[in-house]
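Structure file protein-v3.pdb (PDB, C-alpha atoms) follows.
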```pdb
ATOM      1  CA  MET A 195      44.134 321.744  46.602
ATOM      2  CA  LEU A 196      40.396 321.059  46.782
ATOM      3  CA  LEU A 197      38.938 321.968  50.153
ATOM      4  CA  LEU A 198      35.261 321.370  50.876
ATOM      5  CA  TYR A 199      34.904 320.314  47.240
ATOM      6  CA  ASP A 200      31.233 320.358  46.250
ATOM      7  CA  GLY A 201      31.399 318.529  42.942
ATOM      8  CA  SER A 202      30.442 321.620  40.949
ATOM      9  CA  SER A 203      33.586 321.418  38.814
ATOM     10  CA  ASN A 204      35.759 318.696  37.386
ATOM     11  CA  PRO A 205      38.942 318.463  39.507
ATOM     12  CA  PHE A 206      40.841 317.277  36.440
ATOM     13  CA  ASP A 207      40.026 320.338  34.342
ATOM     14  CA  GLU A 208      42.967 322.626  33.657
ATOM     15  CA  ALA A 209      40.784 325.715  34.069
ATOM     16  CA  GLU A 210      40.372 327.520  37.378
ATOM     17  CA  HIS A 211      38.030 325.671  39.756
ATOM     18  CA  ILE A 212      35.292 327.784  41.290
ATOM     19  CA  HIS A 213      33.362 326.254  44.172
ATOM     20  CA  SER A 214      30.023 327.673  45.240
ATOM     21  CA  PHE A 215      28.240 327.053  48.535
ATOM     22  CA  THR A 216      25.165 328.400  50.222
ATOM     23  CA  ILE A 217      25.640 329.326  53.864
ATOM     24  CA  ASN A 218      23.463 326.379  54.868
ATOM     25  CA  GLN A 219      25.692 323.994  52.920
ATOM     26  CA  LEU A 220      28.782 325.373  54.623
ATOM     27  CA  SER A 221      27.067 325.198  58.009
ATOM     28  CA  ASP A 222      26.472 321.480  57.502
ATOM     29  CA  ARG A 223      30.020 320.805  56.286
ATOM     30  CA  LEU A 224      31.712 322.783  59.057
ATOM     31  CA  SER A 225      29.423 321.342  61.730
ATOM     32  CA  ALA A 226      30.516 317.877  60.655
ATOM     33  CA  SER A 227      34.101 318.808  61.553
ATOM     34  CA  VAL A 228      33.627 320.294  65.045
ATOM     35  CA  SER A 229      31.205 319.032  67.657
ATOM     36  CA  ASP A 230      30.166 322.501  68.822
ATOM     37  CA  GLY A 231      28.527 323.161  65.469
ATOM     38  CA  PHE A 232      28.221 326.059  63.040
ATOM     39  CA  ASP A 233      24.814 327.672  62.887
ATOM     40  CA  PHE A 234      23.857 330.030  60.062
ATOM     41  CA  GLU A 235      25.024 333.196  61.855
ATOM     42  CA  ARG A 236      28.398 331.775  62.870
ATOM     43  CA  THR A 237      29.077 330.415  59.383
ATOM     44  CA  GLU A 238      28.064 333.690  57.764
ATOM     45  CA  LYS A 239      30.485 335.522  60.043
ATOM     46  CA  VAL A 240      33.378 333.218  59.168
ATOM     47  CA  VAL A 241      32.584 333.649  55.463
ATOM     48  CA  LEU A 242      32.491 337.440  55.789
ATOM     49  CA  ILE A 243      35.883 337.453  57.489
ATOM     50  CA  LEU A 244      37.350 335.169  54.834
ATOM     51  CA  SER A 245      36.072 337.421  52.055
ATOM     52  CA  ILE A 246      37.465 340.510  53.804
ATOM     53  CA  LEU A 247      40.819 338.743  54.002
ATOM     54  CA  GLY A 248      40.723 338.167  50.241
ATOM     55  CA  VAL A 249      39.536 334.569  50.149
ATOM     56  CA  GLY A 250      36.498 334.099  47.945
ATOM     57  CA  LYS A 251      33.502 336.325  47.380
ATOM     58  CA  PHE A 252      30.370 336.591  49.464
ATOM     59  CA  TYR A 253      27.111 337.337  47.650
ATOM     60  CA  ASP A 254      24.316 338.611  49.883
ATOM     61  CA  ASP A 255      21.345 338.658  47.512
ATOM     62  CA  PRO A 256      18.074 339.693  49.235
ATOM     63  CA  PHE A 257      16.139 337.684  46.625
ATOM     64  CA  ALA A 258      18.168 334.482  46.771
ATOM     65  CA  ASP A 259      20.241 332.318  49.095
ATOM     66  CA  LYS A 260      23.450 333.881  50.373
ATOM     67  CA  VAL A 261      26.343 332.294  48.485
ATOM     68  CA  PHE A 262      30.093 331.994  49.045
ATOM     69  CA  GLN A 263      32.289 331.330  46.002
ATOM     70  CA  VAL A 264      35.972 330.472  46.201
ATOM     71  CA  SER A 265      38.589 329.256  43.746
ATOM     72  CA  ASP A 266      41.415 326.797  44.313
ATOM     73  CA  SER A 267      44.036 329.452  43.592
ATOM     74  CA  GLU A 268      42.526 331.837  46.166
ATOM     75  CA  ILE A 269      42.654 329.122  48.818
ATOM     76  CA  GLN A 270      46.219 328.203  47.894
ATOM     77  CA  ARG A 271      47.448 331.815  47.938
ATOM     78  CA  PHE A 272      45.791 332.386  51.286
ATOM     79  CA  LEU A 273      47.306 329.326  52.920
ATOM     80  CA  SER A 274      50.796 329.760  51.452
ATOM     81  CA  GLY A 275      51.089 333.549  51.488
ATOM     82  CA  ARG A 276      49.823 334.346  54.966
ATOM     83  CA  GLY A 277      51.753 331.791  56.998
ATOM     84  CA  ARG A 278      48.963 329.285  57.579
ATOM     85  CA  THR A 279      50.287 328.090  60.923
ATOM     86  CA  SER A 280      49.754 331.464  62.557
ATOM     87  CA  ASP A 281      46.640 332.541  60.707
ATOM     88  CA  LEU A 282      43.525 331.673  62.668
ATOM     89  CA  TYR A 283      41.145 331.398  59.760
ATOM     90  CA  GLY A 284      43.684 329.906  57.408
ATOM     91  CA  ARG A 285      44.178 327.102  59.932
ATOM     92  CA  ALA A 286      40.465 326.657  60.539
ATOM     93  CA  TRP A 287      39.807 326.501  56.802
ATOM     94  CA  ASN A 288      42.240 323.667  56.242
ATOM     95  CA  LEU A 289      40.031 321.071  57.904
ATOM     96  CA  GLY A 290      42.190 318.181  56.741
ATOM     97  CA  LEU A 291      44.577 318.635  59.693
ATOM     98  CA  ASP A 292      43.147 316.570  62.547
ATOM     99  CA  TRP A 293      45.174 318.229  65.285
ATOM    100  CA  LEU A 294      43.909 321.646  64.163
ATOM    101  CA  LYS A 295      40.340 320.420  64.083
ATOM    102  CA  THR A 296      40.647 319.535  67.751
ATOM    103  CA  ALA A 297      41.990 323.011  68.502
ATOM    104  CA  PHE A 298      38.760 324.477  67.154
ATOM    105  CA  ASP A 299      36.596 321.798  68.765
ATOM    106  CA  LYS A 300      36.323 323.887  71.934
ATOM    107  CA  THR A 301      33.026 325.334  73.092
ATOM    108  CA  GLU A 302      34.746 328.207  74.896
ATOM    109  CA  PHE A 303      36.626 329.222  71.730
ATOM    110  CA  TRP A 304      33.473 329.574  69.670
ATOM    111  CA  GLU A 305      31.622 331.290  72.514
ATOM    112  CA  GLU A 306      34.284 334.011  72.465
ATOM    113  CA  PHE A 307      34.272 334.122  68.661
ATOM    114  CA  ASP A 308      30.518 334.676  68.613
ATOM    115  CA  LYS A 309      30.883 337.657  70.963
ATOM    116  CA  GLU A 310      33.373 339.424  68.693
ATOM    117  CA  ASP A 311      32.260 341.798  65.982
ATOM    118  CA  LEU A 312      33.829 341.979  62.542
ATOM    119  CA  ASN A 313      36.362 344.552  63.709
ATOM    120  CA  LEU A 314      38.452 341.610  64.856
ATOM    121  CA  VAL A 315      39.502 341.161  61.238
ATOM    122  CA  THR A 316      41.913 344.087  61.625
ATOM    123  CA  VAL A 317      43.919 341.960  64.033
ATOM    124  CA  LEU A 318      44.347 339.313  61.350
ATOM    125  CA  LEU A 319      45.557 341.568  58.559
ATOM    126  CA  PRO A 320      49.214 340.802  57.867
ATOM    127  CA  ALA A 321      51.692 343.121  59.530
ATOM    128  CA  GLU A 322      54.618 344.423  57.500
ATOM    129  CA  GLU A 323      57.390 341.845  57.440
ATOM    130  CA  GLU A 324      60.938 342.655  58.507
ATOM    131  CA  THR A 325      64.055 340.554  58.098
ATOM    132  CA  PHE A 326      65.700 339.679  61.398
ATOM    133  CA  PRO A 327      69.340 338.539  60.989
ATOM    134  CA  LEU A 328      70.455 335.588  63.105
ATOM    135  CA  ASP A 329      73.916 335.524  64.668
ATOM    136  CA  HIS A 330      74.633 331.811  64.851
ATOM    137  CA  ASN A 331      77.627 332.466  67.095
ATOM    138  CA  SER A 332      75.673 334.282  69.786
ATOM    139  CA  SER A 333      74.837 332.523  73.031
ATOM    140  CA  ALA A 334      71.139 333.412  72.613
ATOM    141  CA  TYR A 335      70.998 331.739  69.195
ATOM    142  CA  GLN A 336      72.832 328.639  70.371
ATOM    143  CA  GLU A 337      70.510 328.355  73.359
ATOM    144  CA  ALA A 338      67.426 328.603  71.134
ATOM    145  CA  SER A 339      68.816 326.185  68.555
ATOM    146  CA  LYS A 340      69.647 323.624  71.252
ATOM    147  CA  ALA A 341      66.190 324.024  72.787
ATOM    148  CA  PHE A 342      64.617 323.155  69.437
ATOM    149  CA  ASP A 343      66.972 320.200  68.955
ATOM    150  CA  ASP A 344      66.118 318.883  72.434
ATOM    151  CA  LEU A 345      62.400 319.238  71.703
ATOM    152  CA  LEU A 346      62.660 317.459  68.354
ATOM    153  CA  ASP A 347      64.740 314.630  69.851
ATOM    154  CA  ALA A 348      62.105 314.101  72.528
ATOM    155  CA  MET A 349      59.272 314.222  70.010
ATOM    156  CA  LYS A 350      60.969 311.524  67.956
ATOM    157  CA  THR A 351      61.897 309.188  70.818
ATOM    158  CA  SER A 352      59.620 309.790  73.812
ATOM    159  CA  ASN A 353      56.155 308.401  74.469
ATOM    160  CA  ASP A 354      55.561 310.998  77.175
ATOM    161  CA  ILE A 355      53.259 313.265  75.140
ATOM    162  CA  GLY A 356      50.548 314.164  77.636
ATOM    163  CA  SER A 357      47.036 314.434  76.193
ATOM    164  CA  LEU A 358      48.237 314.569  72.577
ATOM    165  CA  SER A 359      47.079 311.772  70.307
ATOM    166  CA  ASP A 360      49.674 310.035  68.152
ATOM    167  CA  GLU A 361      48.371 311.906  65.098
ATOM    168  CA  GLU A 362      48.518 315.265  66.880
ATOM    169  CA  ALA A 363      52.034 314.571  68.136
ATOM    170  CA  GLU A 364      53.206 313.674  64.611
ATOM    171  CA  GLN A 365      51.694 316.806  63.097
ATOM    172  CA  ALA A 366      53.181 318.915  65.894
ATOM    173  CA  ARG A 367      56.612 317.389  65.224
ATOM    174  CA  LYS A 368      56.378 318.383  61.562
ATOM    175  CA  GLU A 369      55.486 321.948  62.549
ATOM    176  CA  VAL A 370      58.466 322.143  64.919
ATOM    177  CA  GLU A 371      60.765 320.782  62.202
ATOM    178  CA  GLU A 372      59.583 323.552  59.872
ATOM    179  CA  LEU A 373      60.327 326.152  62.544
ATOM    180  CA  LYS A 374      63.802 324.668  63.114
ATOM    181  CA  GLN A 375      64.544 324.822  59.392
ATOM    182  CA  GLU A 376      63.710 328.528  59.413
ATOM    183  CA  LEU A 377      65.831 329.032  62.506
ATOM    184  CA  ASP A 378      68.793 327.365  60.766
ATOM    185  CA  ALA A 379      68.781 330.046  58.063
ATOM    186  CA  GLU A 380      70.707 333.308  58.150
ATOM    187  CA  SER A 381      67.586 335.294  59.011
ATOM    188  CA  VAL A 382      63.892 334.959  59.780
ATOM    189  CA  ASN A 383      60.931 337.108  58.840
ATOM    190  CA  LEU A 384      59.120 338.884  61.643
ATOM    191  CA  PRO A 385      56.411 338.930  62.811
ATOM    192  CA  SER A 386      55.326 335.790  60.901
ATOM    193  CA  PHE A 387      58.057 333.525  62.282
ATOM    194  CA  GLY A 388      57.435 334.647  65.850
ATOM    195  CA  ASP A 389      53.684 334.229  65.409
ATOM    196  CA  LYS A 390      54.067 330.701  64.092
ATOM    197  CA  ALA A 391      56.444 329.734  66.874
ATOM    198  CA  ARG A 392      54.152 331.125  69.555
ATOM    199  CA  VAL A 393      51.103 329.282  68.209
ATOM    200  CA  VAL A 394      52.831 325.926  67.756
ATOM    201  CA  LEU A 395      54.989 325.864  70.893
ATOM    202  CA  SER A 396      52.374 327.261  73.250
ATOM    203  CA  TRP A 397      49.843 324.737  71.925
ATOM    204  CA  ILE A 398      52.246 321.848  72.534
ATOM    205  CA  GLY A 399      53.104 323.222  75.969
ATOM    206  CA  LYS A 400      49.432 323.377  76.911
ATOM    207  CA  GLU A 401      48.302 320.053  75.458
ATOM    208  CA  ALA A 402      51.343 318.200  76.813
ATOM    209  CA  ALA A 403      51.505 320.024  80.154
ATOM    210  CA  GLY A 404      53.250 317.833  82.725
ATOM    211  CA  ALA A 405      54.840 315.713  80.005
ATOM    212  CA  ALA A 406      58.403 315.830  78.738
ATOM    213  CA  ILE A 407      57.684 317.520  75.413
ATOM    214  CA  GLY A 408      55.395 320.069  77.071
ATOM    215  CA  ALA A 409      58.222 321.353  79.238
ATOM    216  CA  LEU A 410      60.661 321.319  76.325
ATOM    217  CA  ALA A 411      58.237 323.246  74.098
ATOM    218  CA  THR A 412      57.868 325.915  76.763
ATOM    219  CA  ALA A 413      61.657 326.097  77.155
ATOM    220  CA  ALA A 414      62.064 326.509  73.384
ATOM    221  CA  LEU A 415      59.505 329.311  73.366
ATOM    222  CA  VAL A 416      61.284 331.142  76.186
ATOM    223  CA  ALA A 417      64.662 330.780  74.456
ATOM    224  CA  LEU A 418      63.206 332.044  71.181
ATOM    225  CA  ALA A 419      61.648 335.065  72.876
ATOM    226  CA  LYS A 420      65.051 335.919  74.309
ATOM    227  CA  LEU A 421      66.726 335.531  70.917
ATOM    228  CA  LEU A 422      64.212 337.653  69.017
ATOM    229  CA  SER A 423      63.684 340.164  71.842
ATOM    230  CA  ILE A 424      59.930 339.899  71.507
ATOM    231  CA  PRO A 425      57.282 339.113  74.145
ATOM    232  CA  PHE A 426      55.471 335.797  74.047
TER
END
```
Using structure tokens, write down the structure from this file.
Amino acid sequence: MLLLYDGSSNPFDEAEHIHSFTINQLSDRLSASVSDGFDFERTEKVVLILSILGVGKFYDDPFADKVFQVSDSEIQRFLSGRGRTSDLYGRAWNLGLDWLKTAFDKTEFWEEFDKEDLNLVTVLLPAEEETFPLDHNSSAYQEASKAFDDLLDAMKTSNDIGSLSDEEAEQARKEVEELKQELDAESVNLPSFGDKARVVLSWIGKEAAGAAIGALATAALVALAKLLSIPF
């Protein structure tokens, strides 16, 4: 996976690919993806948080431009190992997903981000995972499973999708299908599964408020909260 590829390495080489960017280069690239823009300070902050989370290395040389270096394997491990759907910066980093770009194309989001100090990174560190067994015969499980089936049926057949674009609706459907596949198993991992479900379903409920799939997404979230006995 080559994200923000800068041409500094041959993508067909078998060796590890290391990509190097100055903060100004990243500012330009990220600003091209969200209308609110990434100035130097905002970009530097995102880079610092990524490096703290184990993605890439940040070099703050007082005699040279500040540089961020990242390898393909670091990006891949971050996106696959931390549950990219629920990880704020993992999702923001993967700028190829149009519906996620729109989620970060919000002035109020970045205004709040700019106010936060780097202590917010502690919130993003992965919590210890626990296996939660699923009783497929329980009424709570059957209610949650049916709620997901109803949502997926509507997402496949209904044009009532609120303010979602066709591309956003398709990506959202894929995310819900992934959640349903996990729910069909004998157990799920918490808190990652609950985090993913909350992010995806609440986003659909908000963006499609007043539409059929918006109401069904909210219903699925409520049923899942009841099943897992966790607050959403």
Checklist line | Residue members of the PyMOL selection byres ((chain A and resi 339) around 12) in the file shown, as number ranges by chain | finding: A: 328-338, 340-346, 370-371, 373-379, 413-418, 420-421
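Nearest to A:Phe252 of all the residues A:Leu224, A:Ile217, A:Leu358, A:Ala366 is A:Ile217, based on only C-alpha atoms.
With only C-alpha atoms as the atoms that count, the minimum distance from A:Gln365 to the choices A:Leu384, A:Leu242, A:Ala419, A:Val394 is reached by A:Val394.
For the set A:Ile212, A:Ala409, A:Val240, A:Ala258, the residue with the smallest atom-to-atom gap to A:Trp397 is A:Ala409, counting only C-alpha atoms.
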Margin query: Can you measure atom CA of A:Ser386 to atom CA of A:Glu310 for me? One decimal in Å is fine.
Written below: 23.6 Å
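Atom CA of A:Gln263 to atom CA of A:Ala226 spans 20.0 Å [interatomic distance, one decimal].
Between atom CA of A:Phe326 and atom CA of A:Ser381 lies a distance of 5.3 Å.
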Check: Written as a ChimeraX atom specification, which residues does the PyMOL selection byres ((chain A and resi 352-355) around 12) give for the file shown?
Finding: /A:344-351,356-364,366-367,398-411
Note to self: Taking only C-alpha atoms into account, name the residue in A:Arg236, A:Arg223, A:His211, A:Lys390 that is nearest to A:Gly250.
What the structure shows: A:His211
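Nearest residue to A:Ser267 among A:Leu220, A:Val249, A:Ser214, A:Glu305 is A:Val249, counting only C-alpha atoms.
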